[in-house]
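Peer 1: model31.csv is the file, holding CSV, C-alpha atoms and all ligand atoms:
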chain,number,residue,atom,x,y,z
W,15,MET,CA,-9.7,-45.9,-21.7
W,16,ILE,CA,-10.8,-45.3,-18.1
W,17,GLU,CA,-14.0,-43.4,-18.0
W,18,VAL,CA,-14.2,-41.0,-15.1
W,19,SER,CA,-17.3,-40.8,-12.9
W,20,LYS,CA,-20.1,-38.4,-13.6
W,21,ARG,CA,-19.4,-36.7,-10.3
W,22,VAL,CA,-15.8,-36.0,-11.1
W,23,SER,CA,-16.4,-34.9,-14.7
W,24,ALA,CA,-18.9,-32.3,-13.4
W,25,ILE,CA,-16.1,-30.5,-11.7
W,26,ALA,CA,-14.8,-27.5,-13.7
W,27,PRO,CA,-11.1,-27.2,-14.3
W,28,SER,CA,-9.5,-24.2,-12.6
W,29,MET,CA,-10.1,-21.1,-14.7
W,30,THR,CA,-7.0,-19.5,-13.3
W,31,LEU,CA,-4.7,-22.2,-14.6
W,32,ALA,CA,-4.0,-20.6,-18.0
W,33,ILE,CA,-3.2,-17.3,-16.4
W,34,SER,CA,-0.9,-18.7,-13.8
W,35,ALA,CA,0.8,-21.0,-16.3
W,36,LYS,CA,1.6,-17.9,-18.5
W,37,ALA,CA,2.8,-15.9,-15.5
W,38,ASN,CA,5.1,-18.8,-14.5
W,39,GLU,CA,6.5,-19.0,-18.1
W,40,LEU,CA,7.3,-15.2,-18.0
W,41,LYS,CA,8.9,-15.5,-14.6
W,42,ALA,CA,11.0,-18.5,-15.8
W,43,ALA,CA,12.2,-16.3,-18.7
W,44,GLY,CA,13.4,-13.8,-16.2
W,45,VAL,CA,10.6,-11.2,-16.6
W,46,LYS,CA,9.5,-9.4,-13.5
W,47,VAL,CA,5.8,-10.3,-13.1
W,48,ILE,CA,3.9,-8.4,-10.4
W,49,ASN,CA,1.5,-10.9,-8.9
W,50,PHE,CA,-1.8,-9.7,-7.5
W,51,GLY,CA,-3.2,-13.2,-7.8
W,52,VAL,CA,-1.8,-14.4,-4.5
W,53,GLY,CA,-4.2,-16.2,-2.1
W,54,GLU,CA,-1.9,-16.5,0.9
W,55,PRO,CA,0.0,-14.2,3.2
W,56,ASP,CA,3.5,-13.3,1.9
W,57,PHE,CA,4.8,-13.7,5.5
W,58,ASN,CA,6.8,-16.6,6.9
W,59,THR,CA,5.2,-18.8,9.6
W,60,PRO,CA,6.3,-17.3,13.0
W,61,LYS,CA,9.4,-18.9,14.4
W,62,HIS,CA,7.8,-20.3,17.6
W,63,ILE,CA,5.3,-22.2,15.5
W,64,CYS,CA,8.1,-23.8,13.3
W,65,ASP,CA,10.0,-24.6,16.5
W,66,ALA,CA,7.0,-26.4,17.9
W,67,ALA,CA,6.9,-28.6,14.8
W,68,LYS,CA,10.7,-29.3,15.1
W,69,ASP,CA,10.3,-30.1,18.7
W,70,ALA,CA,7.5,-32.6,17.9
W,71,LEU,CA,9.8,-34.4,15.5
W,72,ASP,CA,12.6,-34.4,18.0
W,73,LYS,CA,10.3,-35.9,20.6
W,74,GLY,CA,9.3,-38.7,18.1
W,75,TYR,CA,5.7,-37.5,17.7
W,76,THR,CA,5.6,-39.0,14.2
W,77,LYS,CA,2.9,-41.6,14.6
W,78,TYR,CA,-0.8,-41.8,13.9
W,79,VAL,CA,-3.0,-39.9,16.3
W,80,ALA,CA,-6.8,-39.7,16.7
W,81,ALA,CA,-8.4,-39.2,13.2
W,82,ALA,CA,-10.4,-36.2,14.3
W,83,GLY,CA,-7.4,-34.4,15.9
W,84,LEU,CA,-5.0,-34.4,18.9
W,85,PRO,CA,-7.0,-34.1,22.1
W,86,ALA,CA,-4.8,-31.2,23.2
W,87,LEU,CA,-5.4,-29.4,20.0
W,88,LYS,CA,-9.1,-29.9,20.1
W,89,LYS,CA,-9.1,-28.5,23.6
W,90,ALA,CA,-7.2,-25.4,22.4
W,91,ILE,CA,-9.7,-25.0,19.6
W,92,VAL,CA,-12.6,-25.2,22.0
W,93,LYS,CA,-10.9,-22.5,24.1
W,94,LYS,CA,-10.3,-20.3,21.0
W,95,LEU,CA,-14.0,-20.6,20.0
W,96,LYS,CA,-15.0,-19.6,23.5
W,97,ASN,CA,-12.6,-16.7,23.9
W,98,ASP,CA,-12.9,-15.2,20.4
W,99,ASN,CA,-16.5,-16.1,19.5
W,100,ASN,CA,-18.2,-16.8,22.8
W,101,LEU,CA,-19.2,-20.2,21.5
W,102,ASP,CA,-19.3,-23.3,23.7
W,103,TYR,CA,-18.4,-26.6,22.2
W,104,ASP,CA,-17.3,-30.0,23.6
W,105,PRO,CA,-14.0,-31.3,22.1
W,106,SER,CA,-16.0,-34.1,20.5
W,107,GLN,CA,-17.7,-31.5,18.3
W,108,ILE,CA,-14.4,-30.4,16.7
W,109,ILE,CA,-12.9,-32.1,13.7
W,110,VAL,CA,-9.4,-31.2,12.6
W,111,SER,CA,-8.7,-31.6,8.9
W,112,ASN,CA,-6.2,-30.9,6.2
W,113,GLY,CA,-7.0,-27.2,5.7
W,114,ALA,CA,-10.3,-25.4,5.8
W,115,LYS,CA,-10.9,-26.6,2.3
W,116,HIS,CA,-10.9,-30.1,3.5
W,117,SER,CA,-13.2,-29.1,6.4
W,118,ILE,CA,-15.6,-27.6,3.9
W,119,PHE,CA,-15.6,-30.7,1.8
W,120,ASN,CA,-16.3,-32.8,4.8
W,121,ALA,CA,-19.2,-30.6,5.9
W,122,ILE,CA,-20.8,-30.5,2.5
W,123,PHE,CA,-20.3,-34.3,2.0
W,124,ALA,CA,-21.8,-35.0,5.4
W,125,VAL,CA,-25.0,-32.9,4.8
W,126,ILE,CA,-25.8,-32.8,1.1
W,127,ASN,CA,-27.8,-35.5,-0.6
W,128,GLU,CA,-28.1,-35.9,-4.4
W,129,GLY,CA,-30.2,-33.0,-5.8
W,130,ASP,CA,-30.1,-30.8,-2.7
W,131,GLU,CA,-29.6,-27.1,-3.4
W,132,VAL,CA,-26.9,-25.1,-1.8
W,133,LEU,CA,-27.1,-21.3,-1.8
W,134,MET,CA,-24.2,-18.9,-1.8
W,135,PRO,CA,-23.7,-15.3,-2.5
W,136,LYS,CA,-22.0,-14.5,-5.8
W,137,PRO,CA,-19.1,-13.5,-6.1
W,138,TYR,CA,-18.1,-16.7,-4.3
W,139,TRP,CA,-14.9,-18.5,-3.4
W,140,LEU,CA,-14.4,-20.6,-6.5
W,141,THR,CA,-14.1,-23.9,-4.7
W,142,TYR,CA,-17.6,-23.9,-3.1
W,143,PRO,CA,-19.6,-24.8,-6.3
W,144,GLU,CA,-17.2,-27.5,-7.3
W,145,ILE,CA,-17.3,-29.2,-3.9
W,146,VAL,CA,-21.1,-29.0,-3.9
W,147,LYS,CA,-21.2,-30.6,-7.4
W,148,ALA,CA,-18.8,-33.3,-6.3
W,149,CYS,CA,-21.1,-34.1,-3.5
W,150,GLY,CA,-24.1,-34.4,-5.8
W,151,GLY,CA,-25.6,-31.1,-4.8
W,152,ILE,CA,-26.7,-28.1,-7.0
W,153,PRO,CA,-25.0,-24.8,-6.4
W,154,GLU,CA,-27.4,-21.8,-6.6
W,155,TYR,CA,-26.3,-18.2,-6.4
W,156,ILE,CA,-27.6,-15.0,-4.9
W,157,TYR,CA,-26.1,-11.9,-6.5
W,158,ALA,CA,-24.2,-9.7,-4.0
W,159,LYS,CA,-24.3,-6.3,-5.7
W,160,PRO,CA,-21.2,-4.0,-5.6
W,161,ARG,CA,-23.5,-1.1,-4.8
W,162,HIS,CA,-24.7,-3.1,-1.7
W,163,GLY,CA,-21.0,-3.5,-0.6
W,164,TYR,CA,-21.0,-7.0,-2.2
W,165,LYS,CA,-23.4,-8.2,0.5
W,166,ILE,CA,-26.7,-10.0,0.1
W,167,THR,CA,-29.7,-9.1,2.2
W,168,ALA,CA,-31.9,-11.4,4.3
W,169,ALA,CA,-34.7,-10.7,1.8
W,170,GLN,CA,-32.6,-11.8,-1.1
W,171,LEU,CA,-31.7,-15.0,0.7
W,172,GLU,CA,-35.4,-15.7,1.5
W,173,ALA,CA,-36.4,-15.1,-2.1
W,174,ALA,CA,-33.8,-17.6,-3.3
W,175,ILE,CA,-34.9,-20.5,-1.0
W,176,SER,CA,-36.7,-23.3,-2.7
W,177,PRO,CA,-38.1,-26.6,-1.3
W,178,ARG,CA,-34.8,-28.2,-2.3
W,179,THR,CA,-32.6,-25.8,-0.4
W,180,LYS,CA,-30.6,-27.5,2.3
W,181,MET,CA,-27.6,-25.3,2.9
W,182,PHE,CA,-26.4,-21.7,2.8
W,183,ILE,CA,-22.6,-21.0,2.5
W,184,PHE,CA,-21.7,-17.9,4.3
W,185,ASN,CA,-18.2,-16.4,4.1
W,186,SER,CA,-17.5,-13.3,6.1
W,187,PRO,CA,-14.9,-11.8,5.7
W,188,CYS,CA,-15.3,-12.8,2.1
W,189,ASN,CA,-12.9,-14.0,-0.5
W,190,PRO,CA,-13.0,-12.4,-3.2
W,191,THR,CA,-14.8,-9.2,-2.2
W,192,GLY,CA,-13.4,-8.5,1.3
W,193,ALA,CA,-17.0,-7.8,2.5
W,194,VAL,CA,-17.6,-8.1,6.2
W,195,TYR,CA,-21.2,-8.5,7.4
W,196,THR,CA,-22.3,-6.6,10.5
W,197,GLU,CA,-24.0,-8.4,13.5
W,198,LYS,CA,-27.3,-6.8,12.5
W,199,GLU,CA,-27.1,-8.1,8.9
W,200,ILE,CA,-26.0,-11.5,10.2
W,201,ARG,CA,-28.9,-11.7,12.7
W,202,ALA,CA,-31.4,-11.0,9.9
W,203,ILE,CA,-29.8,-13.7,7.7
W,204,ALA,CA,-29.9,-16.2,10.7
W,205,ASP,CA,-33.7,-15.5,11.2
W,206,VAL,CA,-34.3,-16.6,7.6
W,207,CYS,CA,-32.2,-19.7,8.0
W,208,LEU,CA,-34.0,-20.6,11.2
W,209,LYS,CA,-37.4,-20.0,9.6
W,210,HIS,CA,-36.7,-22.3,6.7
W,211,ASN,CA,-34.4,-24.7,8.5
W,212,ILE,CA,-31.4,-24.1,6.3
W,213,VAL,CA,-28.0,-25.4,7.5
W,214,VAL,CA,-25.4,-22.7,7.4
W,215,LEU,CA,-21.8,-23.5,6.5
W,216,ALA,CA,-20.0,-20.5,8.0
W,217,ASP,CA,-16.5,-20.2,6.5
W,218,GLU,CA,-14.7,-17.9,8.9
W,219,ILE,CA,-11.1,-18.5,7.7
W,220,TYR,CA,-10.5,-14.7,7.3
W,221,GLU,CA,-11.9,-13.9,10.8
W,222,LYS,CA,-8.7,-12.3,12.0
W,223,LEU,CA,-8.1,-10.2,8.9
W,224,ILE,CA,-10.5,-7.3,9.5
W,225,TYR,CA,-9.7,-3.6,9.3
W,226,GLY,CA,-11.2,-0.2,9.8
W,227,GLY,CA,-12.9,-0.9,13.1
W,228,GLU,CA,-15.2,-3.7,11.9
W,229,THR,CA,-15.4,-6.8,14.1
W,230,HIS,CA,-16.1,-10.5,13.4
W,231,PHE,CA,-19.4,-12.0,14.5
W,232,SER,CA,-20.1,-15.7,13.9
W,233,ILE,CA,-23.6,-16.5,12.7
W,234,ALA,CA,-23.5,-19.4,15.3
W,235,GLN,CA,-23.5,-16.7,18.0
W,236,CYS,CA,-27.0,-15.5,17.1
W,237,SER,CA,-28.8,-18.1,19.3
W,238,PRO,CA,-28.5,-21.7,20.6
W,239,GLU,CA,-30.9,-22.7,17.8
W,240,MET,CA,-28.8,-21.1,15.2
W,241,LYS,CA,-25.7,-22.7,16.6
W,242,ASP,CA,-27.4,-26.1,16.2
W,243,LEU,CA,-27.9,-25.3,12.5
W,244,THR,CA,-24.4,-24.1,11.8
W,245,ILE,CA,-21.1,-25.7,10.9
W,246,VAL,CA,-18.4,-23.3,11.7
W,247,VAL,CA,-15.2,-23.7,9.6
W,248,ASN,CA,-11.9,-22.0,10.5
W,249,GLY,CA,-8.2,-22.7,10.3
W,250,VAL,CA,-4.7,-21.3,10.6
W,251,SER,CA,-3.7,-20.9,7.0
W,252,LYS,CA,-4.5,-17.2,6.6
W,253,SER,CA,-4.3,-15.8,10.1
W,254,TYR,CA,-1.0,-17.4,11.1
W,255,ALA,CA,0.6,-17.6,7.6
W,256,MET,CA,0.5,-21.4,7.7
W,257,THR,CA,-1.0,-22.2,4.2
W,258,GLY,CA,1.4,-25.0,3.5
W,259,TRP,CA,1.0,-26.7,6.8
W,260,ARG,CA,-2.6,-27.7,5.9
W,261,LEU,CA,-4.7,-27.4,9.0
W,262,GLY,CA,-8.3,-26.4,9.2
W,263,TYR,CA,-11.1,-27.4,11.6
W,264,LEU,CA,-14.8,-27.3,12.0
W,265,ALA,CA,-17.2,-27.1,14.9
W,266,CYS,CA,-20.7,-28.5,14.6
W,267,PRO,CA,-23.6,-30.4,16.3
W,268,PRO,CA,-22.6,-33.8,17.8
W,269,ASN,CA,-24.4,-36.0,15.2
W,270,VAL,CA,-22.7,-34.2,12.3
W,271,ALA,CA,-19.3,-34.4,14.1
W,272,LYS,CA,-19.7,-38.1,14.7
W,273,ALA,CA,-20.5,-38.7,11.0
W,274,ILE,CA,-17.6,-36.6,9.8
W,275,SER,CA,-15.2,-38.2,12.2
W,276,SER,CA,-16.1,-41.7,10.9
W,277,PHE,CA,-15.8,-40.6,7.3
W,278,GLN,CA,-12.4,-38.9,8.0
W,279,SER,CA,-11.1,-42.0,9.8
W,280,HIS,CA,-11.7,-43.9,6.5
W,281,SER,CA,-10.5,-41.2,4.1
W,282,THR,CA,-7.5,-39.2,5.3
W,283,SER,CA,-7.2,-40.1,9.0
W,284,ASN,CA,-5.4,-37.5,11.1
W,285,VAL,CA,-3.7,-34.3,9.8
W,286,ASN,CA,0.0,-34.8,10.0
W,287,THR,CA,1.0,-34.9,13.6
W,288,MET,CA,3.8,-32.2,13.7
W,289,THR,CA,1.4,-29.7,12.0
W,290,GLN,CA,-1.0,-30.3,14.8
W,291,TYR,CA,1.7,-29.5,17.4
W,292,ALA,CA,2.6,-26.4,15.4
W,293,THR,CA,-1.0,-25.3,15.4
W,294,LEU,CA,-1.2,-25.8,19.1
W,295,ALA,CA,1.7,-23.4,19.4
W,296,ALA,CA,-0.1,-21.0,17.0
W,297,LEU,CA,-3.3,-21.0,19.1
W,298,GLU,CA,-1.7,-20.9,22.5
W,299,GLY,CA,1.6,-19.0,21.9
W,300,ASP,CA,2.6,-15.4,21.3
W,301,ASP,CA,0.1,-13.7,19.0
W,302,LYS,CA,2.3,-10.7,18.3
W,303,PRO,CA,3.6,-11.9,14.9
W,304,MET,CA,0.0,-12.4,13.8
W,305,LYS,CA,-1.0,-8.9,15.0
W,306,ASP,CA,2.0,-7.4,13.2
W,307,MET,CA,1.1,-9.2,10.0
W,308,ILE,CA,-2.5,-8.0,10.2
W,309,ALA,CA,-1.3,-4.4,10.9
W,310,ALA,CA,1.0,-4.7,7.8
W,311,PHE,CA,-2.0,-5.9,5.7
W,312,GLY,CA,-4.0,-2.9,7.1
W,313,ARG,CA,-1.3,-0.4,5.9
W,314,ARG,CA,-1.2,-2.0,2.5
W,315,ARG,CA,-4.9,-1.9,2.2
W,316,GLU,CA,-4.9,1.9,2.9
W,317,LYS,CA,-2.3,2.4,0.2
W,318,MET,CA,-4.1,0.2,-2.3
W,319,LEU,CA,-7.4,2.0,-1.7
W,320,GLU,CA,-5.7,5.4,-2.1
W,321,LYS,CA,-4.3,4.4,-5.5
W,322,LEU,CA,-7.6,2.9,-6.6
W,323,GLU,CA,-9.3,6.1,-5.7
W,324,GLU,CA,-6.9,8.0,-7.9
W,325,MET,CA,-7.8,5.6,-10.8
W,326,LYS,CA,-11.5,6.3,-10.7
W,327,PHE,CA,-11.2,9.0,-13.4
W,328,LEU,CA,-10.4,6.2,-15.9
W,329,GLY,CA,-13.9,4.7,-15.3
W,330,LEU,CA,-12.7,2.1,-12.8
W,331,ASP,CA,-14.3,1.6,-9.4
W,332,TYR,CA,-14.0,-0.5,-6.3
W,333,VAL,CA,-15.9,-1.4,-3.2
W,334,LYS,CA,-14.0,-0.7,0.0
W,335,PRO,CA,-13.2,-4.1,1.5
W,336,ASP,CA,-13.2,-4.4,5.3
W,337,GLY,CA,-11.6,-7.8,5.5
W,338,ALA,CA,-9.4,-10.6,4.0
W,339,PHE,CA,-6.6,-9.2,1.7
W,340,TYR,CA,-8.5,-8.7,-1.5
W,341,VAL,CA,-10.3,-6.0,-3.4
W,342,MET,CA,-12.4,-6.2,-6.4
W,343,LEU,CA,-11.6,-3.7,-9.1
W,344,LEU,CA,-14.7,-3.0,-11.2
W,345,CYS,CA,-13.7,-2.6,-14.8
W,346,ASP,CA,-17.0,-3.3,-16.6
W,347,ASN,CA,-17.2,0.4,-17.6
W,348,LEU,CA,-14.3,-0.2,-19.9
W,349,TYR,CA,-15.7,-3.2,-21.7
W,350,GLY,CA,-16.2,-2.5,-25.3
W,351,LYS,CA,-13.0,-0.5,-25.5
W,352,SER,CA,-9.8,-2.0,-27.0
W,353,TYR,CA,-6.2,-2.4,-26.0
W,354,LYS,CA,-3.8,-2.6,-29.0
W,355,GLY,CA,-6.7,-3.7,-31.2
W,356,VAL,CA,-8.0,-6.4,-28.8
W,357,LYS,CA,-11.5,-5.7,-27.5
W,358,LEU,CA,-12.1,-5.9,-23.8
W,359,ASN,CA,-15.1,-8.3,-23.6
W,360,GLY,CA,-14.7,-9.3,-20.0
W,361,SER,CA,-12.5,-9.9,-17.0
W,362,MET,CA,-10.6,-12.8,-18.7
W,363,GLU,CA,-9.4,-10.5,-21.5
W,364,VAL,CA,-8.4,-7.8,-19.0
W,365,ALA,CA,-6.3,-10.4,-17.0
W,366,ASP,CA,-4.8,-11.8,-20.2
W,367,LEU,CA,-3.9,-8.4,-21.7
W,368,LEU,CA,-2.5,-7.1,-18.4
W,369,LEU,CA,-0.2,-10.1,-18.1
W,370,THR,CA,0.9,-10.0,-21.7
W,371,HIS,CA,1.6,-6.3,-22.0
W,372,LYS,CA,2.2,-5.1,-18.5
W,373,GLN,CA,3.4,-8.3,-16.7
W,374,VAL,CA,0.8,-7.9,-14.1
W,375,ALA,CA,-1.0,-11.1,-12.9
W,376,LEU,CA,-4.4,-10.9,-11.3
W,377,THR,CA,-7.5,-13.0,-11.0
W,378,PRO,CA,-10.4,-12.4,-13.4
W,379,GLY,CA,-13.7,-12.0,-11.6
W,380,VAL,CA,-15.4,-14.6,-13.9
W,381,CYS,CA,-13.6,-17.2,-11.7
W,382,PHE,CA,-15.8,-16.1,-8.8
W,383,GLY,CA,-18.9,-15.8,-11.0
W,384,ASP,CA,-18.6,-12.1,-11.5
W,385,ASP,CA,-17.3,-10.9,-14.9
W,386,ASP,CA,-17.6,-7.2,-14.1
W,387,ALA,CA,-14.4,-7.0,-11.9
W,388,VAL,CA,-10.9,-8.4,-11.4
W,389,ARG,CA,-9.6,-9.4,-8.0
W,390,LEU,CA,-6.5,-7.8,-6.6
W,391,SER,CA,-4.7,-9.4,-3.6
W,392,TYR,CA,-2.5,-7.2,-1.4
W,393,ALA,CA,-0.5,-10.1,-0.1
W,394,LEU,CA,2.6,-8.7,-1.9
W,395,SER,CA,5.2,-6.2,-0.9
W,396,THR,CA,4.2,-2.6,-0.9
W,397,SER,CA,6.8,-1.6,-3.5
W,398,ASP,CA,5.6,-4.3,-5.9
W,399,MET,CA,2.0,-3.4,-5.2
W,400,LEU,CA,2.6,0.3,-6.0
W,401,GLU,CA,4.5,-0.5,-9.2
W,402,GLY,CA,1.8,-3.0,-10.2
W,403,LEU,CA,-0.9,-0.4,-9.7
W,404,GLU,CA,1.0,2.1,-11.8
W,405,ARG,CA,1.1,-0.5,-14.6
W,406,ILE,CA,-2.6,-1.2,-14.3
W,407,LYS,CA,-3.3,2.5,-14.5
W,408,GLU,CA,-1.1,2.8,-17.6
W,409,PHE,CA,-3.0,-0.2,-19.1
W,410,PHE,CA,-6.4,1.3,-18.6
W,411,SER,CA,-5.4,4.7,-19.7
W,412,GLU,CA,-4.1,3.2,-23.0
W,413,CYS,CA,-7.5,1.6,-23.7
W,414,GLU,CA,-9.4,3.3,-26.4
Z,1,LIG,C1,-12.8,-18.4,1.5
Z,1,LIG,C2,-11.8,-19.5,1.7
Z,1,LIG,N1,-12.1,-20.5,2.4
Z,1,LIG,C3,-11.3,-21.5,2.7
Z,1,LIG,C4,-10.0,-21.5,2.1
Z,1,LIG,C5,-9.1,-22.7,2.3
Z,1,LIG,O1,-8.1,-22.5,3.3
Z,1,LIG,P1,-7.1,-23.7,3.7
Z,1,LIG,O2,-5.8,-23.2,3.2
Z,1,LIG,O3,-7.1,-23.7,5.2
Z,1,LIG,O4,-7.6,-24.9,3.1
Z,1,LIG,C6,-9.6,-20.4,1.4
Z,1,LIG,C7,-8.3,-20.4,0.8
Z,1,LIG,O5,-8.0,-19.6,-0.2
Z,1,LIG,C8,-10.5,-19.3,1.2
Z,1,LIG,O6,-10.2,-18.3,0.5
Mind turning this structure into structure tokens?
Ligand SMILES: Cc1ncc(COP(=O)(O)O)c(C=O)c1O
Peer 2:
Amino acid sequence: MIEVSKRVSAIAPSMTLAISAKANELKAAGVKVINFGVGEPDFNTPKHICDAAKDALDKGYTKYVAAAGLPALKKAIVKKLKNDNNLDYDPSQIIVSNGAKHSIFNAIFAVINEGDEVLMPKPYWLTYPEIVKACGGIPEYIYAKPRHGYKITAAQLEAAISPRTKMFIFNSPCNPTGAVYTEKEIRAIADVCLKHNIVVLADEIYEKLIYGGETHFSIAQCSPEMKDLTIVVNGVSKSYAMTGWRLGYLACPPNVAKAISSFQSHSTSNVNTMTQYATLAALEGDDKPMKDMIAAFGRRREKMLEKLEEMKFLGLDYVKPDGAFYVMLLCDNLYGKSYKGVKLNGSMEVADLLLTHKQVALTPGVCFGDDDAVRLSYALSTSDMLEGLERIKEFFSECE
């Protein structure tokens, strides 16, 4: 028998696996499952982006390129960071990787030593703690309370810092809560990081998906000193409906970029070449399809919130999300009640019962470290969303 390493065995299996396996079984049996579990836009990649990939193939751009990314693409990313975020980087500070997830892995692997602590608000994107553990670090959590809009305060962050704290993972707009921090809140958090010399991993993958008048502010914008302590991660998966293409990138201080570039040259090498040409077209081409998609998400969000407001009489609650395409439905008030004789003990039972009895798939909050809620994605058609919400309402009204 091959014994797996301690590092790999520390990684938790995906908690959503059982739910998605069951949902797939039902679908295969011809049952209409309404899926609120989706983590990607339900839109196709815009045509001009696909055409750029085809064109790259026709031109024979099928060979290795520089491990850290095509020079033209890195230049386009530098331009994007300047135009959108007013951040100045040299192309050598940009590393293009296989999705933002890969960029996050590279960033943590490059900075964290065995036993270093990495802070993050909870609820968190479920991959962060597992990458931290895989890199020998220790994830530590700061509770982002629903009544504070699922946002932590600078004071909470400061109280959580220990002598072992090396990094803070900051994700605004946030998956799973949709929380978007304001510039003022971000500046207060940056002050604490600067005071204690904490590296910030700023995951800005949902940057473009912001509604209701809020705007994105990168923590790296706070000051040149803060920029020197920040690794900015972004990508095209969510904003350009390009999840399957696999392209993310990071921008960081030169010494870190150099280390990541060397590591990537020995691990994955370059992101597939045609995807890089497609991404160049995404960043430099017509942004109307992206804007239309965001507007569609905005309309669905309105409808979703309207319906959730109507469900409050059942004891359910939610926190208005300003970004991404998720909302947390707080159902802890109903714990202790039963559905068809099965007691609701937590978000896992809620998800399981909803799938079994109402054919609605969603993600239990426990996957994000918060058992009080379930996450609903609105990356599904409006008609499915409305039907699904009706089924959820029925389910909770049948609990006794
Ligand atoms: C918060 C967050 N960061 C990063 C990612 C990874 O994105 P990518 O598809 O670019 O790897 C996701 C994807 O779900 C995410 O939700």
Peer 1: Could you tell me which of W:Ala81, W:Ala365, W:Ala393, W:Ile203 comes closest to Ile108 in chain W if we count only C-alpha atoms?
Peer 2: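 Comparing W:Ala81, W:Ala365, W:Ala393, W:Ile203 against Ile108 in chain W, the winner is W:Ala81.
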Peer 1: Which residues are near ligand LIG 1 (chain Z) in this structure, taking near to mean any atom at most 8 Å from a ligand atom and counting only C-alpha atoms and all ligand atoms? Format them as a ChimeraX atom specification.
Peer 2: /W:53-54,112-118,139,185,188-190,217-220,248-252,256-258,260-262
Peer 1: Could you check which of W:Asp98, W:Asp331, W:Glu128, W:Glu412 is closest to Ser232 in chain W, using all atoms listed in the file?
Peer 2: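 Ranked by minimum distance to Ser232 in chain W, first place goes to W:Asp98.
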Peer 1: Go through W:Ala168, W:Val47, W:Ala174, W:Ala296 one by one, measure the shortest atom-to-atom distance of each to Tyr155 in chain W using only C-alpha atoms, and give the residue with the smallest value.
Peer 2: W:Ala174
Peer 1: Would you mind reading off the distance between CA of Glu172 in chain W and CA of Ile274 in chain W, one decimal, in Å?
Peer 2: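 The value is 28.7 Å.
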Peer 1: Determine, counting all atoms listed in the file, which protein, DNA and RNA residues have an atom within 9 Å of an atom of Leu394 in chain W; residues of the same chain fewer than 3 positions away are not included. Present the result as a count of residues only.
Peer 2: 11
Peer 1: Between W:Ala148, W:Leu330, W:Ala204, W:Leu343, which has the minimum distance to Ala234 in chain W (counting all atoms listed in the file)?
Peer 2: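 Once distances to Ala234 in chain W are computed over all atoms listed in the file, the minimum belongs to W:Ala204.
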Peer 1: For each of W:Ile156, W:Ala265, W:Val132, W:Val374, take the minimum atom-to-atom distance to Asn99 in chain W, counting only C-alpha atoms, then give the residue where this is smallest.
Peer 2: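 Going through W:Ile156, W:Ala265, W:Val132, W:Val374 one by one, the smallest distance to Asn99 in chain W is for W:Ala265.
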Peer 1: Which residue, W:Thr370, W:Ser276, W:Ser281, W:Ser411, has the smallest gap to Ser352 in chain W when you use only C-alpha atoms?
Peer 2: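 Of W:Thr370, W:Ser276, W:Ser281, W:Ser411, the one nearest Ser352 in chain W, counting only C-alpha atoms, is W:Ser411.
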Peer 1: Which neighbours of Thr229 in chain W fall inside 10 Å, counting all atoms listed in the file, when residues of the same chain fewer than 2 positions from it are skipped, and could you give them as a PyMOL selection string?
Peer 2: chain W and resi 187+194-197+221-227+231+336-337
Peer 1: Skip Tyr157 in chain W itself and residues of its chain fewer than 2 positions away, then list as a list in words all residues within 8 Å of it, counting all atoms listed in the file.
Peer 2: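 So the residues in contact are Pro135, Lys136, Pro137, Tyr155, Lys159 and Ile166 of chain W.
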Peer 1: Can you tell me, as a PyMOL selection string, what residues are no more than 7 Å from range 162-165 of chain W when counting all atoms listed in the file, ignoring any on the same chain fewer than 2 positions away?
Peer 2: chain W and resi 158-160+167+191+193+333
Peer 1: Using CA of Glu39 in chain W and CA of Gln373 in chain W as the two end points, give the distance in Å to one decimal.
Peer 2: 11.2 Å
Peer 1: For Val92 in chain W, list every protein, DNA or RNA residue within 10 Å, evaluated using only C-alpha atoms, and leave out those in the same chain fewer than 2 positions away; present the list as a list in words.
Peer 2: Ala86, Leu87, Lys88, Lys89, Ala90, Lys94, Leu95, Lys96, Asn97, Leu101, Asp102, Tyr103, Asp104, Pro105, Ser106, Gln107, Ile108 and Ala265 of chain W
Peer 1: Between CA of Tyr291 in chain W and CA of Ile245 in chain W, what is the distance, to one decimal in Å?
Peer 2: 24.0 Å
Peer 1: Give one line per residue of range 292-315 of chain W that approaches range 65-73 of chain W to at most 12 Å, naming the two atoms of the closest pair and their distance in Å to one decimal, counting all atoms listed in the file; sort by chain then ascending residue number and deliver it as JSON lines.
Peer 2:
{"residue": "W:Ala292", "atom": "CA", "partner": "W:Ala67", "partner_atom": "CA", "distance": 4.9}
{"residue": "W:Thr293", "atom": "CA", "partner": "W:Ala66", "partner_atom": "CA", "distance": 8.5}
{"residue": "W:Leu294", "atom": "CA", "partner": "W:Ala66", "partner_atom": "CA", "distance": 8.3}
{"residue": "W:Ala295", "atom": "CA", "partner": "W:Ala66", "partner_atom": "CA", "distance": 6.3}
{"residue": "W:Ala296", "atom": "CA", "partner": "W:Ala66", "partner_atom": "CA", "distance": 9.0}
{"residue": "W:Leu297", "atom": "CA", "partner": "W:Ala66", "partner_atom": "CA", "distance": 11.7}
{"residue": "W:Glu298", "atom": "CA", "partner": "W:Ala66", "partner_atom": "CA", "distance": 11.3}
{"residue": "W:Gly299", "atom": "CA", "partner": "W:Ala66", "partner_atom": "CA", "distance": 10.0}
